[in-house]
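What follows is one structure encoded as structure tokens, with my remarks underneath.
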Amino acid sequence: MKGKTLEHRARRQLSQSGLADTLYRATQRAVDKRNATIEDHAEWERRRDHARQIKLHTLCRIDELLAQFIERAQANGFVVHAALDAEEARRIALRICRDHGVTRVIKGKSMVSEEIALNPALEAAGIEVTESDLGELIVQLLGQAPAHITAPAIHLAVEEILTLFRERLAYELPSELRFEGAAIPPRQRSAIARDLTLAARRFLQRRFLRAQLGFSGANFLIADSGRLVLLENEANIRLSTTLPRVHVAIAGFDKLIPSHDDLATFLHLLPTSSTGQRLTSYVSEIGDGDGRHIILLDNGRSQLLADAEHYDLLSCIRCGACSNVCPIFRNIGGHGYGGVYSGPIGAALLPHLGGIDAYGDLPFASSLCGACSSICPVGIPIHERLLEWRERAQRARGTSGEKLIARAFAWLIERPAWFAAAATTYPLAQSFSRLLPVLRRWSSERDLPEMPRQTFLEWIADEGRETQRREEER
Amino acid sequence: MRRIDELLQRLRDASAALPAIEHPGPFDVPDERDPLALLEERVCALGPDGESSFAIVEDNDALLTRLRADYPERLRAEWVVGDEAAAPMFYRFGLTEAHHLVARSGTIVLDVARALESLSSLVVEEHVVVASVDRVVMTLDQLPPLARGAKTRILISGPSRTADIEKTLVIPAHGPCRTALYLVRGTLDFGALVSRFFSSSDRGAG
Ligand code: SF4
């Protein structure tokens, strides 16, 4: 789902009929549920501050804390690896597969494995890879990338999934659920969605039993206990990390938290922000390390850590709440961002992790409304980071068109006679704007504001005369 | 090992210039309600999503009587009990001892030596959980460290669920269809409970 530029991708996404509606419904529902849940979580705001402080504390002491994590995890029996970039992480993963003679892999949902493009590497080595999270399985079967950090299939309608399962899983709709025409009647939608889910479950159960190795990410790494923590609702991660002989977890070092005692706060913040659930159905805090590997990933993160203005982006816990409230995300969806991470945090993070050349336009995909920052459970001022990116881009670019316009306006407003003349010719400019090629694109989706009949000064003068008249009448 | 040192060195360099920020210390939550009442409310609130039941009994004998009454098919059905590493899948019943329960979130806490030993809560149609009321805490923040000998902790706060297709909630995605929680006043003797529960004598408690 790559497109050359943000604009290119956004246009393509916007032209998909129904996408914005689907996205709006799904994201608004998550936000509503989140708001309802925090209403009976009296200490919510205090928890956010608490979490931000823990995360920033962790980042400023990251070298010591990570060293502690590694030592304790090794004592627990984990084999710990470090990968400086994506290529190295893939190599380590492949080596582990080879060492254990693995041909079938089952995966729990992991953004980092997307980041390092793990699946294609495994498949190229002849390994069968199955995503075990239902949403991830669907996008895997479609050959797409996930469209949302926590809801990968958020952009798909039941009809599309039905067609997909018919083709790929030899799925047949039970006779009582058959319907006429192309669109599923509203009454039947949820019954069909349920039956599709059950079909996926039957398919996955066979895959769980066949797999020799389970891959997962990690939501948190705990320094003082050397354990890794995974959150989920389906239980697919519990199965993926328990049934196969070998388990490999891949995580950025930014997943670290100092202590077991810090965990509760994050166990609350993450799911409530994400879907409005009080807690996820399951949390696994895994400390039995025998047969398990942990790959710690840098891949651009240490460079971001050194950026004293932006390093707090590394405190993100990937809840997806900022996407759910973002007016841009709600229109263009995750694929509009063209990278692994999407939404406001993706727009701020990707230029760091993937380079300005590839992702420098993303910080412009924001209305700077600040909705992301006010919902973020770890208090990252995301929109300020986006604004700073724009300033950085502007500084690098020198004088821009907008700057020239602003300068011309400043000149004009200091010269009353010129300004008056400009005001009279404005309606003319308005008609011309449709003809000028530079402005045509701008004005194709926007209107220049209508010119009021009076200038502000004329209006004030009129008002003054009117008030005077009324007072004389009294 | 060399790579790990290299990563740590990178982090040392990168974080050198960052502002020093203190750890905020523990997070305090006031205990405003009776944890047992809240636990019951939370566990039962799972109802519309996944079936669940909640009972408090006086002692180990009463628990045995109650379980025998609730599971008349106990000797015929397939059970996986406690930390037996189950061969997957699927069993009719799983019977486990919860090491702690969290009232606010209705959470069942299992501490096990290996994750594999928690399968009795997962690859079963119905999960039967027993625990002592003394093990109920109010919030997750108050959970004690892992039980001695345990290396892995599993928290269960709801049914296995998914809503990935057009947000339609489906339960269970993989785990049990039903959870039953029995609390005993006083100390629970899980080992004795299990052997008496599965003894073929039908004399019941006593
Ligand atoms: S930036 Fe904040 S709101 Fe966005 S995904 Fe990360 S933690 Fe969630």
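Simple scheme: letters A, B, ... for chains in structure tokens order, numbers from 1 for residues in each chain, numbers from 1 for ligands in the order shown.
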
Practice task
Show me which residues sit within 8 Å of ligand 1 when counting only C-alpha atoms and all ligand atoms, and put them as number ranges by chain.
Solution key: A: 149, 270, 273-274, 313, 315-323, 343-345, 372-373, 375-380, 382

Exercise for the section: Go through chain B and collect every residue that DSSP, computed from the backbone, puts in alpha helix (DSSP H); the answer should be as JSON, numbers by chain. Expected result: {"B": [2, 3, 4, 5, 6, 7, 8, 9, 10, 11, 12, 13, 14, 15, 35, 36, 37, 38, 39, 40, 41, 42, 43, 44, 45, 60, 61, 62, 63, 64, 65, 66, 67, 68, 69, 70, 190, 191, 192, 193, 194, 195, 196, 197, 198]}

Practice task
Compile the contact shell of Ala37 of chain B as a PyMOL selection string: residues with an atom at most 12 Å away, counting only C-alpha atoms, same-chain residues fewer than 6 positions apart removed.
Solution key: chain B and resi 43-44+54-56+102-104+106+133+136-138

Closest atom pairs, residues of chain A within 7 Å of chain B, only C-alpha atoms, as CSV:
```
residue,atom,partner,partner_atom,distance
A:His50,CA,B:Pro24,CA,6.4
A:Gln53,CA,B:Pro24,CA,6.3
A:Ile54,CA,B:His23,CA,5.7
A:Leu56,CA,B:Ile21,CA,6.5
A:His57,CA,B:Ile21,CA,4.8
A:Cys60,CA,B:Ser15,CA,5.6
A:Ile62,CA,B:Leu11,CA,6.7
A:Asp63,CA,B:Arg12,CA,5.3
A:His81,CA,B:Ile4,CA,6.8
A:Ala82,CA,B:Ile4,CA,5.1
A:Leu84,CA,B:Leu7,CA,6.9
A:Leu134,CA,B:Asp164,CA,6.4
A:Gly135,CA,B:Asp164,CA,5.2
A:Ala151,CA,B:Asp164,CA,6.7
A:Ala153,CA,B:Asp164,CA,6.4
A:Ile154,CA,B:Glu166,CA,6.9
A:Ala157,CA,B:Glu166,CA,6.3
A:Val158,CA,B:Glu166,CA,6.5
A:Ser190,CA,B:Thr168,CA,5.9
A:Ala193,CA,B:Ile165,CA,5.9
A:Arg194,CA,B:Val170,CA,6.0
A:Arg201,CA,B:Ala173,CA,6.8
A:Asn233,CA,B:Arg161,CA,5.4
A:Glu234,CA,B:Ser160,CA,4.8
A:Ala235,CA,B:Ser160,CA,5.9
A:Asn236,CA,B:His174,CA,7.0
A:Thr242,CA,B:Leu116,CA,5.5
A:Ala264,CA,B:Asp141,CA,5.3
A:Arg278,CA,B:Ser105,CA,6.9
A:Leu279,CA,B:Ser157,CA,6.5
A:Thr280,CA,B:Ser157,CA,6.6
A:Ser281,CA,B:Gly158,CA,4.3
A:Tyr282,CA,B:Ile156,CA,4.8
A:Val283,CA,B:Leu155,CA,4.9
A:Ser284,CA,B:Ile154,CA,4.7
A:Glu285,CA,B:Arg153,CA,5.0
A:Ile286,CA,B:Thr152,CA,4.7
A:Gly287,CA,B:Lys151,CA,4.8
A:Asp288,CA,B:Lys151,CA,5.4
A:Ser302,CA,B:Leu11,CA,6.0
A:Gln303,CA,B:Ala14,CA,6.8
A:Leu305,CA,B:Ala14,CA,5.7
A:Ala306,CA,B:Ala14,CA,4.2
A:Ala308,CA,B:Leu18,CA,6.0
```

Exercise for the section: Would you list the contacts of segment 208-220 of chain A as a PyMOL selection string, taking every protein, DNA or RNA residue within 8 Å and counting only C-alpha atoms, but skipping same-chain residues closer than 3 positions in sequence? Expected result: (chain A and resi 97+102-113+204-205+228-231+237+239-241+243-251+255-257+317) or (chain B and resi 88)

Handout entry: All residues 7 Å or closer to Gly82 of chain B, only C-alpha atoms, same chain fewer than 5 positions away omitted, as a PyMOL selection string
Key = chain B and resi 95-97+120

Could you take the residues named above and write them with N, CA and C atoms, as a PDB file, in the first residue's frame?
```pdb
ATOM      1  N   LEU B  95      -9.896 -26.826  36.255  1.00  0.00           N
ATOM      2  CA  LEU B  95     -10.054 -26.440  37.657  1.00  0.00           C
ATOM      3  C   LEU B  95      -8.745 -25.842  38.150  1.00  0.00           C
ATOM      4  N   THR B  96      -8.785 -24.599  38.578  1.00  0.00           N
ATOM      5  CA  THR B  96      -7.547 -23.964  39.039  1.00  0.00           C
ATOM      6  C   THR B  96      -7.764 -23.223  40.350  1.00  0.00           C
ATOM      7  N   GLU B  97      -6.650 -23.008  41.021  1.00  0.00           N
ATOM      8  CA  GLU B  97      -6.660 -22.194  42.226  1.00  0.00           C
ATOM      9  C   GLU B  97      -6.126 -20.810  41.864  1.00  0.00           C
ATOM     10  N   SER B 120      -4.892 -24.972  31.986  1.00  0.00           N
ATOM     11  CA  SER B 120      -6.172 -25.393  32.564  1.00  0.00           C
ATOM     12  C   SER B 120      -7.151 -24.226  32.650  1.00  0.00           C
TER      13      SER B 120
END
```

Practice task
Could you jot down the atom CA of Ala73 of chain A to atom CA of Ala89 of chain A separation for me, Å, one decimal place?
Solution key: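 Atom CA of Ala89 of chain A lies 18.6 Å from atom CA of Ala73 of chain A.
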
Handout entry: Sel. of strand (DSSP E) residues, segment 67-126 of chain B, as an MDAnalysis selection string
Key = chainID B and resid 79:81 91:97 100:102 107:112 124:126

Handout entry: atom CA of Ala393 of chain A to atom CA of Gly360 of chain A, distance in Å rounded to a single decimal
Key =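 Atom-to-atom, atom CA of Ala393 of chain A and atom CA of Gly360 of chain A are spaced 7.6 Å apart.
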
Practice task
For atom CA of Gly126 of chain A and atom CA of Asp290 of chain A, determine how far apart the two atoms are, in Å to one decimal place.
Solution key: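 About the pair atom CA of Gly126 of chain A and atom CA of Asp290 of chain A: they are 26.2 Å apart.
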
Practice task
Pick out the closest residue to Glu64 of chain A from this set: A:Gly300, A:Cys326, A:Ala408, A:Asp224. Count only C-alpha atoms.
Solution key: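 The shortest atom-to-atom distance to Glu64 of chain A comes from A:Asp224.
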
Problem - Val79 of chain A surroundings by only C-alpha atoms, 10 Å radius, close-in-sequence under 5 positions cut, as a PyMOL selection string - result: chain A and resi 70+73-74+248+289-295

Handout entry: Ala121 of chain A surroundings by only C-alpha atoms, 9 Å radius, close-in-sequence under 4 positions cut, as JSON, numbers by chain
Key = {"A": [90, 91, 94, 117, 125, 126, 127]}
